[in-house]
file query-v7.cif (mmCIF, C-alpha atoms)
data_upload
loop_
_atom_site.group_PDB
_atom_site.id
_atom_site.type_symbol
_atom_site.label_atom_id
_atom_site.label_comp_id
_atom_site.auth_asym_id
_atom_site.auth_seq_id
_atom_site.Cartn_x
_atom_site.Cartn_y
_atom_site.Cartn_z
ATOM 1 C CA MET A 1 -6.005 -5.588 -7.979
ATOM 2 C CA TYR A 2 -9.401 -3.858 -7.672
ATOM 3 C CA LEU A 3 -10.378 -2.916 -4.102
ATOM 4 C CA THR A 4 -14.069 -2.196 -3.438
ATOM 5 C CA ARG A 5 -16.380 -1.901 -0.452
ATOM 6 C CA HIS A 6 -19.912 -3.337 -0.527
ATOM 7 C CA LEU A 7 -23.054 -3.156 1.577
ATOM 8 C CA THR A 8 -23.886 -6.831 2.027
ATOM 9 C CA SER A 9 -26.594 -8.639 3.985
ATOM 10 C CA TYR A 10 -23.990 -9.250 6.712
ATOM 11 C CA GLY A 11 -22.791 -5.617 6.819
ATOM 12 C CA PRO A 12 -20.195 -3.532 4.982
ATOM 13 C CA ARG A 13 -17.369 -5.643 3.569
ATOM 14 C CA TRP A 14 -14.221 -4.994 1.559
ATOM 15 C CA ALA A 15 -13.566 -7.036 -1.564
ATOM 16 C CA VAL A 16 -10.576 -7.531 -3.823
ATOM 17 C CA ASP A 17 -11.285 -8.485 -7.424
ATOM 18 C CA LYS A 18 -14.890 -9.353 -6.428
ATOM 19 C CA HIS A 19 -13.804 -11.708 -3.613
ATOM 20 C CA CYS A 20 -14.903 -10.721 -0.108
ATOM 21 C CA MET A 21 -12.328 -10.086 2.564
ATOM 22 C CA ALA A 22 -12.545 -11.237 6.170
ATOM 23 C CA GLU A 23 -14.341 -8.895 8.549
ATOM 24 C CA THR A 24 -10.972 -8.018 10.136
ATOM 25 C CA PHE A 25 -9.672 -6.493 6.886
ATOM 26 C CA SER A 26 -9.605 -2.704 6.659
ATOM 27 C CA LEU A 27 -8.120 -0.106 4.369
ATOM 28 C CA SER A 28 -6.225 1.281 7.362
ATOM 29 C CA LEU A 29 -4.629 -2.131 7.904
ATOM 30 C CA LEU A 30 -3.640 -2.392 4.246
ATOM 31 C CA LEU A 31 -2.112 1.092 4.240
ATOM 32 C CA SER A 32 -0.183 0.448 7.464
ATOM 33 C CA ILE A 33 1.972 -2.385 6.103
ATOM 34 C CA PRO A 34 4.901 -2.240 3.669
ATOM 35 C CA ALA A 35 3.828 -2.480 0.022
ATOM 36 C CA HIS A 36 5.675 -5.758 -0.530
ATOM 37 C CA GLN A 37 3.487 -7.424 2.160
ATOM 38 C CA ALA A 38 0.132 -6.279 0.731
ATOM 39 C CA GLU A 39 -0.420 -9.243 -1.576
ATOM 40 C CA SER A 40 0.294 -11.740 1.213
ATOM 41 C CA LEU A 41 -2.122 -9.970 3.547
ATOM 42 C CA ILE A 42 -4.866 -9.954 0.921
ATOM 43 C CA GLU A 43 -4.384 -13.648 0.141
ATOM 44 C CA ALA A 44 -4.516 -14.505 3.855
ATOM 45 C CA LEU A 45 -7.718 -12.530 4.491
ATOM 46 C CA GLN A 46 -9.764 -13.458 1.403
ATOM 47 C CA ILE A 47 -12.801 -15.615 2.119
ATOM 48 C CA ASP A 48 -14.723 -17.890 -0.227
ATOM 49 C CA ARG A 49 -17.590 -15.499 -0.924
ATOM 50 C CA THR A 50 -18.292 -13.380 -4.001
ATOM 51 C CA ALA A 51 -18.808 -9.680 -3.332
ATOM 52 C CA GLU A 52 -22.428 -8.628 -3.708
ATOM 53 C CA GLY A 53 -24.500 -5.615 -2.789
ATOM 54 C CA ASP A 54 -24.329 -1.908 -3.435
ATOM 55 C CA LEU A 55 -20.943 -0.250 -3.658
ATOM 56 C CA LEU A 56 -19.978 1.983 -0.744
ATOM 57 C CA ALA A 57 -17.439 4.779 -0.501
ATOM 58 C CA PRO A 58 -13.961 3.223 -0.264
ATOM 59 C CA VAL A 59 -13.181 4.498 3.243
ATOM 60 C CA ASP A 60 -13.047 2.995 6.724
ATOM 61 C CA ALA A 61 -15.317 4.297 9.469
ATOM 62 C CA GLU A 62 -12.362 5.713 11.416
ATOM 63 C CA GLN A 63 -10.897 7.665 8.476
ATOM 64 C CA GLU A 64 -11.265 11.431 8.276
ATOM 65 C CA ILE A 65 -12.591 12.861 5.031
ATOM 66 C CA TRP A 66 -11.720 16.407 4.082
ATOM 67 C CA ALA A 67 -13.596 18.272 1.395
ATOM 68 C CA SER A 68 -11.695 20.856 -0.581
ATOM 69 C CA GLY A 69 -13.375 24.155 -1.160
ATOM 70 C CA VAL A 70 -15.111 24.420 2.206
ATOM 71 C CA THR A 71 -12.587 26.865 3.627
ATOM 72 C CA TYR A 72 -12.340 28.731 0.330
ATOM 73 C CA LEU A 73 -16.100 29.330 0.136
ATOM 74 C CA ARG A 74 -16.299 30.576 3.706
ATOM 75 C CA SER A 75 -13.298 32.793 3.092
ATOM 76 C CA ARG A 76 -14.777 34.177 -0.114
ATOM 77 C CA GLU A 77 -18.087 34.968 1.597
ATOM 78 C CA ALA A 78 -16.259 36.788 4.376
ATOM 79 C CA ARG A 79 -14.421 39.055 1.906
#
call {"tool": "encode", "arguments": {"input": "query-v7.cif", "output": "C-alpha cells"}}
result
Amino acid sequence: MYLTRHLTSYGPRWAVDKHCMAETFSLSLLLSIPAHQAESLIEALQIDRTAEGDLLAPVDAEQEIWASGVTYLRSREAR
C-alpha cells in the first residue's frame, strides 16, 4: 500500500496506490483506527479517480510538525 497526497484541480487529496480517496479521508483518521481495520477503511473510501497533480507533504493540516535541530542550534548559539 502506497499512501500519497496530491494537489489536484479540486484541492489536496490523499491517494492509495494511485487511486484517490474520498474528501473525508485523512491520515489522522487512518492512524486513529486499529491496524486490522485499515484495509477496510481504505476500500470504503476509495473513489473511482486516478491520482493526479503534484505530490504534497504527507501530512494533514491539523498535524504538528517538529523539526529536529532547532533547539540544538539555539542552544549552541547561546553557549
call {"tool": "residues_around", "arguments": {"input": "query-v7.cif", "residues": "range 27-39 of chain A", "least_positions_apart": "5", "cutoff": "12 Å", "atoms": "all atoms listed in the file", "output": "list of chain:residue names"}}
result
A:Met1, A:Leu3, A:Thr4, A:Arg5, A:Arg13, A:Trp14, A:Ala15, A:Val16, A:Met21, A:Ala44, A:Leu45, A:Gln46, A:Ala57, A:Pro58, A:Val59, A:Asp60, A:Ala61, A:Glu62, A:Gln63, A:Glu64
call {"tool": "write_last_selection", "arguments": {"input": "query-v7.cif", "atoms": "C-alpha atoms", "output": "mmCIF file, in the coordinates of the input"}}
result
data_model
loop_
_atom_site.group_PDB
_atom_site.id
_atom_site.type_symbol
_atom_site.label_atom_id
_atom_site.label_comp_id
_atom_site.auth_asym_id
_atom_site.auth_seq_id
_atom_site.Cartn_x
_atom_site.Cartn_y
_atom_site.Cartn_z
ATOM 1 C CA MET A 1 -6.005 -5.588 -7.979
ATOM 2 C CA LEU A 3 -10.378 -2.916 -4.102
ATOM 3 C CA THR A 4 -14.069 -2.196 -3.438
ATOM 4 C CA ARG A 5 -16.380 -1.901 -0.452
ATOM 5 C CA ARG A 13 -17.369 -5.643 3.569
ATOM 6 C CA TRP A 14 -14.221 -4.994 1.559
ATOM 7 C CA ALA A 15 -13.566 -7.036 -1.564
ATOM 8 C CA VAL A 16 -10.576 -7.531 -3.823
ATOM 9 C CA MET A 21 -12.328 -10.086 2.564
ATOM 10 C CA ALA A 44 -4.516 -14.505 3.855
ATOM 11 C CA LEU A 45 -7.718 -12.530 4.491
ATOM 12 C CA GLN A 46 -9.764 -13.458 1.403
ATOM 13 C CA ALA A 57 -17.439 4.779 -0.501
ATOM 14 C CA PRO A 58 -13.961 3.223 -0.264
ATOM 15 C CA VAL A 59 -13.181 4.498 3.243
ATOM 16 C CA ASP A 60 -13.047 2.995 6.724
ATOM 17 C CA ALA A 61 -15.317 4.297 9.469
ATOM 18 C CA GLU A 62 -12.362 5.713 11.416
ATOM 19 C CA GLN A 63 -10.897 7.665 8.476
ATOM 20 C CA GLU A 64 -11.265 11.431 8.276
#
call {"tool": "atom_distance", "arguments": {"input": "query-v7.cif", "atom1": "CA of Asp17 in chain A", "atom2": "CA of Asp48 in chain A"}}
result
12.3 Å
call {"tool": "resolve_selection", "arguments": {"input": "query-v7.cif", "expression": "the PyMOL selection byres ((chain A and resi 9) around 12)", "output": "PyMOL selection string"}}
result
chain A and resi 6-8+10-13+51-54
call {"tool": "atom_distance", "arguments": {"input": "query-v7.cif", "atom1": "CA of Glu43 in chain A", "atom2": "CA of Ile65 in chain A"}}
result
28.2 Å
call {"tool": "atom_distance", "arguments": {"input": "query-v7.cif", "atom1": "CA of His19 in chain A", "atom2": "CA of Ile47 in chain A"}}
result
7.0 Å
call {"tool": "axis_aligned_box", "arguments": {"input": "query-v7.cif", "around": "range 6-19 of chain A", "padding_each_side": "6 Å", "output": "JSON"}}
result
{"center_x": -18.6, "center_y": -7.4, "center_z": -0.3, "size_x": 28.0, "size_y": 20.6, "size_z": 26.2}
